[in-house]
Amino acid sequence: MLVNPSSIRCRCHSIKPPFPSSGNGRRVSPLPHFSRFLQPRKSKFHSLSLLASTSGYYSKRFSVRAVVEAEDADSALADGPSSGFPQPFSVEIPFGNRRIVFTSVCLSDTPSEPCDFFPLSVNYQERFSAAGRTSGGFFKREGKTKDHEVLICRLIDRPLRPTMFKGFYHETQVLSWVLSYDGLHSPDCLAVTAAGIAVALSEVPNTKAIAGVRVGLVGDKFIVNPTTKEMEESDLDLVLAGTDSAILMIEGYCNFLPEEKLLEAVEVGQEAVRAICKEVDALVKKCGKPKMMDAIKLPPPELYKHVEEIAGHELVKVLQIKQKIPRRKALTSLEDKVLTILTEKGYVSKDATFVPAETIPDVLEDEDEDEEVVVDGEVDEGDIHIKPLPRKSTPLCFSEVDVKLVFKEVSSKFLRRRIVEGGKRSDGRTSDGIRPINSRCGLLPRAHGSALFTRGETQSLAVVTLGDKQMAQRIDNLEGDDEWKRFYLQYSFPPSSVGEVGRMGAPSRREIGHGMLAERALETILPSEDNFPYTIRVESTIIESNGSSSMASVCGGCLALQDAGVPIKSSIAGIAMGMVLDTQEFGGDGTPLILSDITGSEDVSGDMDFKVAGNEDGITAFQMDIKVGGITLPIMRKALLQARDGRRHILGEMLKCLPPPSKKLSKHAPLIHVMKVKPEKINLIIGTGGKKVKSIIEETGVESIDTQDDGLVKITAKDLSSLEKSMAIISNLTMVPTVGDIYRDCEIKSVAPYGVFVEIAPGREGLCHISELSSSWLPKAEDAFKVGDHIDVKLIEVNDKGQLRLSRRALMPDSEQPNASPKQQTDASEDGSTSPKLPDLDGPKKVMIKLKDESESSEGSTTSPRSSSPEQTTPPRKKAVKRVVNPTKDRTYINKERAKKSTTSKEGTSLVNGEAKIG
């Protein structure tokens, strides 16, 4: 190890296989593009952590190499040629494999103005080059931080902050980049661990090293740091961070998981974190930098006592004010009073006493009259002797920053004491009490769904908007595959919600984090896309806030979804739990006090913010932040069980919603119908260059027609009539006809020497051979028919290529063989009694189809139910009448010949009650 290190770098590489040899006895690094990090030079980094692994898929351990560099490269080289290179230290840390996260920690040279929070900023970025890609934007570089990157920044920040010492005011910045991505694991937990190692090795004073892991649940087995494919099958997504002895942060989502099962997952994650922290501590002992403990500046200890003497009595009264705004104004007024006394006027403590004057003779005479003794404190100015005056305590003054910090801490202390000693909170509730709840739906008449949820002084206005795939949110990620979200929740927290004036602009990190928590909580109860083919957007605007606004968004969002007619699986609610950890300080028995449905002041003054969402029996989302050294599993168990009781109470109050949710589609919501056709028929709907689908949209007036390669067709329309028109056209285009179907009043589109081409449905034509045009001999087709004429035809054959053969003669009364099978007809009859074989109709000639009777059933058909309400559907038709939409004329074709109902072909489509039945 070199002396006077200026930076510490952690480089992780696989311990298996070993480094290949370069031929001269030296081992070559498996990551040569990072070799520049190992060169001795001056560095401004206070700590740098490079975590990587290049081992195989099943490796679960990697090696951390810490490189300590000299402050001056020249002085290092003076010790010898080999001493100029950094000396590595390696430890094994159990984690994942094959990802590289680069993390650096830097401090400002001078401390900033003291404040009541640690000046820490975290930035995380996923480089597209890590997956061998580049940005698709114009500038070809990474742009602003994406939402999922913001969420990972929060995952890094939240467990780090509780480990920092109070009184350290040097701005600290943690920068984290994903430099290599294997596509198998999510890099977020690795970034948390890398940041924990970098801070532990740096000069930043912190209590303990932290690490983060992910826990999944596949079947009944918990998996630590699972792959992305394993997570697709997992019922749990738990991210846990903490130290070797306590849990600092958890966040996750699950599919109605019971509390006990969640606690088991937390225990598994805590064991994994403990193993990592143990190895990190060993690394820090070898090459960690000395902590800047001397930079910690705390307010004078006596200031706490002075603030309590000045404001203690009034503070007790102020904290009993129930309403948030009046209480805040009263606290501000009291704080100004304390500031004036302690920073301007000066304050003399009540314990300070005046020193009484002592009766001392003017001159103390000794036996020798010529020698005089002057008493201490007297001034001898010739013959004038001055007696000492009584001593008075000097008024004390302190800095404004220190007074503000101390006043906030004293206020928190008094609030916690009131809860523990008196058993009552500021609003008069007990520890497990829930604030009054009121909710109403249908507040906004034009919105597709809306709900106003109020809990105490927290109020959320949730609005639901339904749309097609074009409304889906596109997510750009490292994998390279565009991800489309059909459900997303956007959370807004305006400054007016807390009675303040502030900036309005792009969503803050807090808004993004709270919105994602509420989104993931509600996502579990949504129906599948097959059952409800809508894209769903939920907007939660916080009208008023006094704690638990994200959980109010969960409750309001659930009611708004029901009001929009979304068939959710069950109702869910959310609640925020708090805690006072050290109750013995305030006369308690030492048992942590868990608080249900915390307010804003209890969040700030308490030791925990634990949000839990779910139904009566299971959890869908949870998030916990700790402001102290961490909590244990027994405390978490108590909080989870108390949260379950709170959720059940809230769900009961949500059932009292007045007016209740409508639970049906709004008349303003678009209609979406899903059709299933044969995949090879999709091109018939799209047409060349999309011309056909565009013409259908223009002709019918629908909003969009979305087609998929698997044969799924989604039609979005504003009204039922346009939806039915487009359904009929698509059904006709994709329907497979059956021999024997009859088509009435069909237009002749073209005439050829060997017959005429007849349009039996919009865009679908078949050939009626000259021998099938009349019961008598016809020399030329153009002698009897011309383009634009209308005739009745019957389908008598479908060849192997799907081309259709029609007959007019088969419908004539004097026809000798009206129902002759095509198999009985010869290819070339000399006397014309039989029809010739259908010519090969390749090239520009069109394919023919038939329309099924509406009364026919579609055996094996696959059609999603209509998304419209029952009031929007047409009544069943009594007659077997087939409606076909023509661009110029709406005609009705009736099959009079078929007396019995036939079974629809599996490839056919029929329109029944305004719906397409496709086989």
# chains A, B, ... in the order shown; residues from 1 in each chain; ligands from 1

call {"tool": "residues_around", "arguments": {"residues": "Thr541 of chain A", "least_positions_apart": "4", "cutoff": "6 Å", "atoms": "only C-alpha atoms", "output": "PDB file with C-alpha atoms, in the first residue's frame"}}
result
ATOM      1  CA  SER A 460     -56.276  13.260  -3.807  1.00  0.00           C
ATOM      2  CA  LEU A 461     -58.191  13.904  -7.029  1.00  0.00           C
ATOM      3  CA  SER A 492     -48.565  15.659  -9.042  1.00  0.00           C
TER       4      SER A 492
END

call {"tool": "select_by_dssp", "arguments": {"residues": "segment 184-304 of chain A", "states": "strand (DSSP E)", "output": "compact mmCIF listing (two decimals) with all heavy atoms, in the first residue's frame"}}
result
# COMPACT_ATOMS: atom_id res chain seq x y z
N ALA A 211 -25.30 -2.21 1.75
CA ALA A 211 -25.36 -3.00 0.53
C ALA A 211 -26.83 -3.24 0.20
O ALA A 211 -27.71 -3.11 1.07
CB ALA A 211 -24.62 -4.33 0.69
N GLY A 212 -27.09 -3.58 -1.06
CA GLY A 212 -28.46 -3.82 -1.50
C GLY A 212 -28.57 -5.09 -2.30
O GLY A 212 -27.65 -5.47 -3.03
N VAL A 213 -29.70 -5.78 -2.18
CA VAL A 213 -29.96 -7.01 -2.92
C VAL A 213 -31.42 -7.01 -3.36
O VAL A 213 -32.25 -6.27 -2.82
CB VAL A 213 -29.69 -8.28 -2.09
CG1 VAL A 213 -28.22 -8.38 -1.71
CG2 VAL A 213 -30.57 -8.32 -0.85
N ARG A 214 -31.72 -7.85 -4.34
CA ARG A 214 -33.10 -8.09 -4.78
C ARG A 214 -33.47 -9.51 -4.42
O ARG A 214 -32.67 -10.43 -4.57
CB ARG A 214 -33.24 -7.85 -6.28
CG ARG A 214 -34.58 -8.31 -6.83
CD ARG A 214 -34.77 -7.97 -8.29
NE ARG A 214 -35.40 -6.66 -8.43
CZ ARG A 214 -34.77 -5.56 -8.80
NH1 ARG A 214 -33.48 -5.62 -9.10
NH2 ARG A 214 -35.40 -4.41 -8.90
N VAL A 215 -34.71 -9.69 -4.00
CA VAL A 215 -35.22 -11.02 -3.64
C VAL A 215 -36.46 -11.29 -4.47
O VAL A 215 -37.39 -10.46 -4.50
CB VAL A 215 -35.55 -11.12 -2.14
CG1 VAL A 215 -36.08 -12.50 -1.80
CG2 VAL A 215 -34.31 -10.80 -1.30
N GLY A 216 -36.49 -12.43 -5.14
CA GLY A 216 -37.65 -12.87 -5.90
C GLY A 216 -38.24 -14.13 -5.30
O GLY A 216 -37.61 -14.82 -4.50
N LEU A 217 -39.47 -14.43 -5.70
CA LEU A 217 -40.16 -15.61 -5.22
C LEU A 217 -40.73 -16.36 -6.42
O LEU A 217 -41.71 -15.93 -7.02
CB LEU A 217 -41.28 -15.23 -4.24
CG LEU A 217 -42.15 -16.37 -3.70
CD1 LEU A 217 -41.31 -17.37 -2.92
CD2 LEU A 217 -43.29 -15.82 -2.83
N VAL A 218 -40.10 -17.47 -6.77
CA VAL A 218 -40.55 -18.32 -7.87
C VAL A 218 -41.05 -19.62 -7.27
O VAL A 218 -40.26 -20.39 -6.70
CB VAL A 218 -39.42 -18.57 -8.88
CG1 VAL A 218 -39.90 -19.47 -10.01
CG2 VAL A 218 -38.91 -17.25 -9.45
N LYS A 221 -39.83 -20.80 -3.64
CA LYS A 221 -38.40 -20.64 -3.40
C LYS A 221 -38.01 -19.18 -3.56
O LYS A 221 -38.34 -18.53 -4.55
CB LYS A 221 -37.60 -21.51 -4.39
CG LYS A 221 -36.10 -21.42 -4.19
CD LYS A 221 -35.38 -22.30 -5.21
CE LYS A 221 -33.87 -22.20 -5.03
NZ LYS A 221 -33.15 -23.02 -6.06
N PHE A 222 -37.29 -18.67 -2.55
CA PHE A 222 -36.76 -17.31 -2.62
C PHE A 222 -35.43 -17.32 -3.37
O PHE A 222 -34.58 -18.18 -3.13
CB PHE A 222 -36.56 -16.72 -1.22
CG PHE A 222 -37.85 -16.47 -0.49
CD1 PHE A 222 -38.23 -17.28 0.56
CD2 PHE A 222 -38.67 -15.42 -0.86
CE1 PHE A 222 -39.42 -17.06 1.23
CE2 PHE A 222 -39.87 -15.19 -0.19
CZ PHE A 222 -40.24 -16.01 0.85
N ILE A 223 -35.25 -16.35 -4.25
CA ILE A 223 -34.04 -16.25 -5.06
C ILE A 223 -33.42 -14.88 -4.81
O ILE A 223 -34.10 -13.84 -4.95
CB ILE A 223 -34.34 -16.43 -6.56
CG1 ILE A 223 -35.02 -17.77 -6.81
CG2 ILE A 223 -33.07 -16.32 -7.38
CD1 ILE A 223 -35.45 -17.97 -8.25
N VAL A 224 -32.15 -14.86 -4.44
CA VAL A 224 -31.42 -13.61 -4.21
C VAL A 224 -30.77 -13.19 -5.52
O VAL A 224 -30.11 -13.99 -6.19
CB VAL A 224 -30.36 -13.78 -3.11
CG1 VAL A 224 -29.57 -12.49 -2.93
CG2 VAL A 224 -31.02 -14.20 -1.81
N LEU A 236 -42.91 -11.86 -6.37
CA LEU A 236 -42.38 -10.84 -5.48
C LEU A 236 -41.20 -10.14 -6.13
O LEU A 236 -40.37 -10.78 -6.77
CB LEU A 236 -41.94 -11.47 -4.15
CG LEU A 236 -41.16 -10.58 -3.17
CD1 LEU A 236 -42.05 -9.49 -2.61
CD2 LEU A 236 -40.56 -11.41 -2.04
N ASP A 237 -41.15 -8.82 -5.97
CA ASP A 237 -40.00 -8.02 -6.40
C ASP A 237 -39.61 -7.14 -5.22
O ASP A 237 -40.15 -6.06 -5.01
CB ASP A 237 -40.35 -7.18 -7.61
CG ASP A 237 -39.17 -6.37 -8.13
OD1 ASP A 237 -38.05 -6.56 -7.61
OD2 ASP A 237 -39.35 -5.54 -9.05
N LEU A 238 -38.66 -7.62 -4.42
CA LEU A 238 -38.25 -6.94 -3.19
C LEU A 238 -36.81 -6.45 -3.34
O LEU A 238 -35.91 -7.23 -3.64
CB LEU A 238 -38.35 -7.89 -2.00
CG LEU A 238 -37.66 -7.44 -0.70
CD1 LEU A 238 -38.33 -6.19 -0.14
CD2 LEU A 238 -37.67 -8.54 0.33
N VAL A 239 -36.61 -5.15 -3.15
CA VAL A 239 -35.28 -4.56 -3.08
C VAL A 239 -35.03 -4.16 -1.63
O VAL A 239 -35.83 -3.40 -1.05
CB VAL A 239 -35.15 -3.34 -4.00
CG1 VAL A 239 -33.78 -2.69 -3.83
CG2 VAL A 239 -35.35 -3.74 -5.45
N LEU A 240 -33.96 -4.68 -1.06
CA LEU A 240 -33.65 -4.45 0.36
C LEU A 240 -32.23 -3.91 0.48
O LEU A 240 -31.32 -4.41 -0.17
CB LEU A 240 -33.81 -5.74 1.15
CG LEU A 240 -33.58 -5.67 2.66
CD1 LEU A 240 -34.54 -6.61 3.37
CD2 LEU A 240 -32.15 -6.06 3.02
N ALA A 241 -32.06 -2.90 1.32
CA ALA A 241 -30.74 -2.34 1.61
C ALA A 241 -30.60 -2.15 3.10
O ALA A 241 -31.58 -1.82 3.80
CB ALA A 241 -30.53 -1.02 0.87
N GLY A 242 -29.38 -2.34 3.60
CA GLY A 242 -29.15 -2.18 5.03
C GLY A 242 -27.70 -2.40 5.38
O GLY A 242 -26.83 -2.46 4.51
N ILE A 247 -31.97 -3.15 8.99
CA ILE A 247 -32.58 -2.85 7.69
C ILE A 247 -32.82 -1.35 7.61
O ILE A 247 -33.38 -0.74 8.53
CB ILE A 247 -33.91 -3.60 7.54
CG1 ILE A 247 -33.69 -5.10 7.70
CG2 ILE A 247 -34.56 -3.30 6.20
CD1 ILE A 247 -34.97 -5.89 7.85
N LEU A 248 -32.41 -0.75 6.52
CA LEU A 248 -32.56 0.69 6.33
C LEU A 248 -33.63 1.05 5.31
O LEU A 248 -34.25 2.10 5.41
CB LEU A 248 -31.23 1.31 5.90
CG LEU A 248 -30.09 1.24 6.91
CD1 LEU A 248 -28.81 1.77 6.30
CD2 LEU A 248 -30.44 2.03 8.16
N MET A 249 -33.82 0.21 4.31
CA MET A 249 -34.77 0.53 3.26
C MET A 249 -35.28 -0.75 2.61
O MET A 249 -34.49 -1.66 2.33
CB MET A 249 -34.10 1.42 2.19
CG MET A 249 -35.01 1.86 1.05
SD MET A 249 -35.06 0.72 -0.35
CE MET A 249 -33.40 0.82 -0.95
N ILE A 250 -36.57 -0.82 2.36
CA ILE A 250 -37.13 -1.88 1.53
C ILE A 250 -38.14 -1.23 0.58
O ILE A 250 -38.78 -0.24 0.91
CB ILE A 250 -37.82 -3.01 2.34
CG1 ILE A 250 -39.02 -2.47 3.13
CG2 ILE A 250 -36.85 -3.70 3.26
CD1 ILE A 250 -39.86 -3.55 3.74
N GLU A 251 -38.25 -1.81 -0.57
CA GLU A 251 -39.24 -1.37 -1.54
C GLU A 251 -39.56 -2.54 -2.44
O GLU A 251 -38.66 -3.28 -2.85
CB GLU A 251 -38.74 -0.19 -2.37
CG GLU A 251 -39.75 0.30 -3.40
CD GLU A 251 -39.33 1.59 -4.07
OE1 GLU A 251 -38.69 2.43 -3.39
OE2 GLU A 251 -39.64 1.77 -5.26
N GLY A 252 -40.83 -2.72 -2.74
CA GLY A 252 -41.16 -3.86 -3.57
C GLY A 252 -42.63 -3.95 -3.89
O GLY A 252 -43.46 -3.18 -3.40
N TYR A 253 -42.91 -4.95 -4.72
CA TYR A 253 -44.26 -5.16 -5.22
C TYR A 253 -44.50 -6.66 -5.28
O TYR A 253 -43.60 -7.45 -5.57
CB TYR A 253 -44.41 -4.53 -6.61
CG TYR A 253 -43.82 -3.15 -6.66
CD1 TYR A 253 -42.53 -2.93 -7.15
CD2 TYR A 253 -44.52 -2.05 -6.19
CE1 TYR A 253 -41.97 -1.67 -7.17
CE2 TYR A 253 -43.98 -0.78 -6.21
CZ TYR A 253 -42.69 -0.60 -6.70
OH TYR A 253 -42.14 0.65 -6.71
N CYS A 254 -45.73 -7.07 -5.01
CA CYS A 254 -46.03 -8.49 -4.97
C CYS A 254 -47.49 -8.71 -5.34
O CYS A 254 -48.28 -7.77 -5.45
CB CYS A 254 -45.72 -9.08 -3.60
SG CYS A 254 -46.35 -8.12 -2.20
N ASN A 255 -47.83 -9.97 -5.52
CA ASN A 255 -49.17 -10.35 -5.95
C ASN A 255 -49.97 -10.86 -4.74
O ASN A 255 -50.08 -12.05 -4.51
CB ASN A 255 -49.08 -11.42 -7.04
CG ASN A 255 -50.41 -11.74 -7.65
OD1 ASN A 255 -51.38 -11.01 -7.46
ND2 ASN A 255 -50.48 -12.83 -8.39
N PHE A 256 -50.47 -9.91 -3.96
CA PHE A 256 -51.27 -10.20 -2.76
C PHE A 256 -50.55 -11.19 -1.85
O PHE A 256 -51.10 -12.22 -1.45
CB PHE A 256 -52.65 -10.74 -3.15
CG PHE A 256 -53.46 -9.77 -3.96
CD1 PHE A 256 -53.64 -9.97 -5.32
CD2 PHE A 256 -54.02 -8.66 -3.37
CE1 PHE A 256 -54.38 -9.07 -6.07
CE2 PHE A 256 -54.77 -7.76 -4.11
CZ PHE A 256 -54.95 -7.97 -5.47
N LEU A 257 -49.32 -10.87 -1.50
CA LEU A 257 -48.51 -11.73 -0.67
C LEU A 257 -48.87 -11.51 0.80
O LEU A 257 -48.99 -10.36 1.25
CB LEU A 257 -47.03 -11.43 -0.89
CG LEU A 257 -46.03 -12.55 -0.61
CD1 LEU A 257 -46.25 -13.69 -1.57
CD2 LEU A 257 -44.61 -12.02 -0.73

call {"tool": "residues_around", "arguments": {"residues": "segment 291-301 of chain A", "least_positions_apart": "5", "cutoff": "6 Å", "atoms": "only C-alpha atoms", "output": "MDAnalysis selection string"}}
result
chainID A and resid 167:168 203:205 402

call {"tool": "residues_around", "arguments": {"residues": "segment 442-444 of chain A", "least_positions_apart": "6", "cutoff": "8 Å", "atoms": "only C-alpha atoms", "output": "list in words"}}
result
Ser450, Ala451, Leu452, Asp563, Pro659, Pro660, Pro661 and Ser662 of chain A

call {"tool": "atom_distance", "arguments": {"atom1": "atom CA of Glu457 of chain A", "atom2": "atom CA of Pro162 of chain A"}}
result
28.4 Å

call {"tool": "residues_around", "arguments": {"residues": "Pro495 of chain A", "least_positions_apart": "3", "cutoff": "10 Å", "atoms": "only C-alpha atoms", "output": "ChimeraX atom specification"}}
result
/A:492,498-504,542-545

call {"tool": "write_last_selection", "arguments": {"atoms": "N, CA and C atoms", "output": "compact mmCIF listing (two decimals), in the first residue's frame"}}
result
# COMPACT_ATOMS: atom_id res chain seq x y z
N SER A 492 -48.95 14.24 -9.08
CA SER A 492 -48.57 15.66 -9.04
C SER A 492 -48.75 16.19 -7.63
N VAL A 498 -49.68 22.23 0.21
CA VAL A 498 -49.18 22.43 1.57
C VAL A 498 -49.20 23.91 1.94
N GLY A 499 -49.97 24.70 1.18
CA GLY A 499 -50.12 26.12 1.49
C GLY A 499 -48.87 26.93 1.26
N GLU A 500 -48.08 26.57 0.26
CA GLU A 500 -46.83 27.28 -0.01
C GLU A 500 -46.81 27.79 -1.44
N VAL A 501 -45.85 28.66 -1.72
CA VAL A 501 -45.60 29.16 -3.06
C VAL A 501 -44.30 28.54 -3.54
N GLY A 502 -44.32 27.91 -4.71
CA GLY A 502 -43.14 27.22 -5.21
C GLY A 502 -43.11 27.14 -6.71
N ARG A 503 -42.09 26.52 -7.21
CA ARG A 503 -41.87 26.39 -8.65
C ARG A 503 -42.76 25.29 -9.21
N MET A 504 -43.30 25.55 -10.39
CA MET A 504 -44.05 24.54 -11.13
C MET A 504 -43.29 24.22 -12.41
N ILE A 542 -52.64 16.01 -5.96
CA ILE A 542 -52.81 16.20 -4.52
C ILE A 542 -53.36 17.60 -4.29
N ILE A 543 -54.60 17.67 -3.89
CA ILE A 543 -55.25 18.96 -3.63
C ILE A 543 -54.80 19.54 -2.29
N GLU A 544 -54.67 18.64 -1.30
CA GLU A 544 -54.21 19.05 0.03
C GLU A 544 -53.39 17.91 0.61
N SER A 545 -52.34 18.23 1.34
CA SER A 545 -51.47 17.18 1.84
C SER A 545 -51.10 17.42 3.30

call {"tool": "atom_distance", "arguments": {"atom1": "atom CA of Arg328 of chain A", "atom2": "atom CA of Phe165 of chain A"}}
result
27.7 Å

call {"tool": "select_by_dssp", "arguments": {"residues": "segment 411-582 of chain A", "states": "alpha helix (DSSP H)", "output": "VMD selection string"}}
result
chain A and resid 411 to 422 509 to 523 549 to 563

call {"tool": "residues_around", "arguments": {"residues": "Met636 of chain A", "least_positions_apart": "6", "cutoff": "12 Å", "atoms": "only C-alpha atoms", "output": "number ranges by chain"}}
result
A: 246-250, 259-260, 262-264, 266-267, 577-579, 581, 592-594, 608-612, 622-626, 630, 642-643

call {"tool": "write_last_selection", "arguments": {"atoms": "N, CA and C atoms", "output": "mmCIF file, in the first residue's frame"}}
result
data_model
loop_
_atom_site.group_PDB
_atom_site.id
_atom_site.type_symbol
_atom_site.label_atom_id
_atom_site.label_comp_id
_atom_site.auth_asym_id
_atom_site.auth_seq_id
_atom_site.Cartn_x
_atom_site.Cartn_y
_atom_site.Cartn_z
ATOM 1 N N ALA A 246 -28.898 -4.185 10.600
ATOM 2 C CA ALA A 246 -30.235 -3.582 10.578
ATOM 3 C C ALA A 246 -30.668 -3.322 9.136
ATOM 4 N N ILE A 247 -31.965 -3.148 8.988
ATOM 5 C CA ILE A 247 -32.577 -2.849 7.693
ATOM 6 C C ILE A 247 -32.820 -1.348 7.612
ATOM 7 N N LEU A 248 -32.408 -0.749 6.518
ATOM 8 C CA LEU A 248 -32.556 0.689 6.334
ATOM 9 C C LEU A 248 -33.627 1.047 5.312
ATOM 10 N N MET A 249 -33.825 0.214 4.315
ATOM 11 C CA MET A 249 -34.775 0.534 3.255
ATOM 12 C C MET A 249 -35.277 -0.747 2.607
ATOM 13 N N ILE A 250 -36.569 -0.821 2.359
ATOM 14 C CA ILE A 250 -37.132 -1.878 1.528
ATOM 15 C C ILE A 250 -38.138 -1.234 0.582
ATOM 16 N N GLU A 259 -48.422 -11.158 4.906
ATOM 17 C CA GLU A 259 -47.381 -10.476 5.679
ATOM 18 C C GLU A 259 -46.268 -11.432 6.102
ATOM 19 N N GLU A 260 -46.621 -12.627 6.513
ATOM 20 C CA GLU A 260 -45.608 -13.573 6.986
ATOM 21 C C GLU A 260 -44.658 -13.976 5.864
ATOM 22 N N LEU A 262 -43.878 -12.125 3.284
ATOM 23 C CA LEU A 262 -43.017 -10.966 3.038
ATOM 24 C C LEU A 262 -41.903 -10.887 4.066
ATOM 25 N N LEU A 263 -42.210 -11.190 5.314
ATOM 26 C CA LEU A 263 -41.178 -11.165 6.355
ATOM 27 C C LEU A 263 -40.110 -12.228 6.095
ATOM 28 N N GLU A 264 -40.523 -13.374 5.575
ATOM 29 C CA GLU A 264 -39.529 -14.399 5.215
ATOM 30 C C GLU A 264 -38.592 -13.893 4.125
ATOM 31 N N VAL A 266 -37.823 -10.761 3.541
ATOM 32 C CA VAL A 266 -36.949 -9.751 4.143
ATOM 33 C C VAL A 266 -35.809 -10.420 4.910
ATOM 34 N N GLU A 267 -36.116 -11.497 5.607
ATOM 35 C CA GLU A 267 -35.076 -12.212 6.352
ATOM 36 C C GLU A 267 -34.027 -12.799 5.421
ATOM 37 N N MET A 577 -47.284 4.040 7.787
ATOM 38 C CA MET A 577 -47.022 3.763 9.195
ATOM 39 C C MET A 577 -45.773 4.522 9.647
ATOM 40 N N GLY A 578 -45.797 4.975 10.906
ATOM 41 C CA GLY A 578 -44.656 5.651 11.498
ATOM 42 C C GLY A 578 -44.190 4.930 12.753
ATOM 43 N N MET A 579 -43.182 5.509 13.402
ATOM 44 C CA MET A 579 -42.624 4.843 14.574
ATOM 45 C C MET A 579 -41.862 5.833 15.442
ATOM 46 N N LEU A 581 -38.972 5.114 18.003
ATOM 47 C CA LEU A 581 -38.151 3.954 18.358
ATOM 48 C C LEU A 581 -37.764 3.937 19.834
ATOM 49 N N PRO A 592 -40.740 -0.086 20.896
ATOM 50 C CA PRO A 592 -41.041 0.887 19.827
ATOM 51 C C PRO A 592 -42.539 1.095 19.687
ATOM 52 N N LEU A 593 -42.937 2.327 19.480
ATOM 53 C CA LEU A 593 -44.345 2.676 19.336
ATOM 54 C C LEU A 593 -44.649 2.856 17.847
ATOM 55 N N ILE A 594 -45.544 2.021 17.305
ATOM 56 C CA ILE A 594 -45.923 2.066 15.898
ATOM 57 C C ILE A 594 -47.144 2.963 15.745
ATOM 58 N N MET A 608 -39.599 6.446 11.215
ATOM 59 C CA MET A 608 -39.877 5.522 10.127
ATOM 60 C C MET A 608 -41.020 6.040 9.279
ATOM 61 N N ASP A 609 -40.953 5.735 7.980
ATOM 62 C CA ASP A 609 -42.051 5.980 7.051
ATOM 63 C C ASP A 609 -42.248 4.684 6.268
ATOM 64 N N PHE A 610 -43.281 3.937 6.631
ATOM 65 C CA PHE A 610 -43.512 2.609 6.074
ATOM 66 C C PHE A 610 -44.875 2.619 5.381
ATOM 67 N N LYS A 611 -44.877 2.582 4.039
ATOM 68 C CA LYS A 611 -46.113 2.608 3.265
ATOM 69 C C LYS A 611 -46.448 1.192 2.814
ATOM 70 N N VAL A 612 -47.696 0.796 3.020
ATOM 71 C CA VAL A 612 -48.151 -0.549 2.667
ATOM 72 C C VAL A 612 -49.496 -0.428 1.950
ATOM 73 N N PHE A 622 -45.142 -1.969 -1.223
ATOM 74 C CA PHE A 622 -44.660 -1.501 0.075
ATOM 75 C C PHE A 622 -43.378 -0.708 -0.128
ATOM 76 N N GLN A 623 -43.133 0.203 0.793
ATOM 77 C CA GLN A 623 -41.923 1.038 0.761
ATOM 78 C C GLN A 623 -41.623 1.515 2.169
ATOM 79 N N MET A 624 -40.392 1.322 2.607
ATOM 80 C CA MET A 624 -40.013 1.700 3.963
ATOM 81 C C MET A 624 -38.709 2.468 3.952
ATOM 82 N N ASP A 625 -38.695 3.597 4.654
ATOM 83 C CA ASP A 625 -37.492 4.398 4.864
ATOM 84 C C ASP A 625 -37.288 4.572 6.358
ATOM 85 N N ILE A 626 -36.058 4.419 6.788
ATOM 86 C CA ILE A 626 -35.700 4.531 8.199
ATOM 87 C C ILE A 626 -34.785 5.739 8.382
ATOM 88 N N GLY A 630 -31.692 1.816 11.841
ATOM 89 C CA GLY A 630 -32.308 0.645 11.232
ATOM 90 C C GLY A 630 -33.258 -0.033 12.199
ATOM 91 N N GLN A 642 -50.146 -4.225 12.083
ATOM 92 C CA GLN A 642 -50.945 -3.045 12.389
ATOM 93 C C GLN A 642 -51.406 -2.355 11.106
ATOM 94 N N ALA A 643 -50.574 -2.403 10.058
ATOM 95 C CA ALA A 643 -50.959 -1.830 8.772
ATOM 96 C C ALA A 643 -52.108 -2.617 8.139
#

call {"tool": "closest_residue", "arguments": {"among": "A:Ser508, A:Ser601, A:Lys725, A:Lys469", "to": "Arg327 of chain A", "atoms": "only C-alpha atoms"}}
result
A:Ser601

call {"tool": "atom_distance", "arguments": {"atom1": "atom CA of Gly766 of chain A", "atom2": "atom CA of Gln803 of chain A"}}
result
7.1 Å

call {"tool": "residues_around", "arguments": {"residues": "Ser245 of chain A", "least_positions_apart": "4", "cutoff": "12 Å", "atoms": "only C-alpha atoms", "output": "tab-separated table (two decimals) with C-alpha atoms, in the first residue's frame"}}
result
chain	number	residue	atom	x	y	z
A	207	THR	CA	-21.63	4.85	10.68
A	208	LYS	CA	-21.60	1.60	8.69
A	209	ALA	CA	-21.26	0.25	5.17
A	210	ILE	CA	-24.46	-0.56	3.30
A	211	ALA	CA	-25.36	-3.00	0.53
A	241	ALA	CA	-30.74	-2.34	1.61
A	267	GLU	CA	-35.08	-12.21	6.35
A	270	GLN	CA	-31.05	-9.37	5.24
A	271	GLU	CA	-28.81	-12.45	5.38
A	272	ALA	CA	-27.48	-11.65	1.91
A	273	VAL	CA	-26.85	-8.01	2.83
A	274	ARG	CA	-25.08	-9.07	6.02
A	275	ALA	CA	-22.69	-11.29	4.05
A	276	ILE	CA	-21.83	-8.45	1.65
A	277	CYS	CA	-21.30	-5.89	4.41
A	278	LYS	CA	-18.96	-8.26	6.23
A	629	GLY	CA	-29.80	3.16	12.56
A	630	GLY	CA	-32.31	0.64	11.23
A	631	ILE	CA	-35.01	-1.68	12.50
A	632	THR	CA	-35.24	-5.38	13.13
A	633	LEU	CA	-37.66	-8.04	11.87
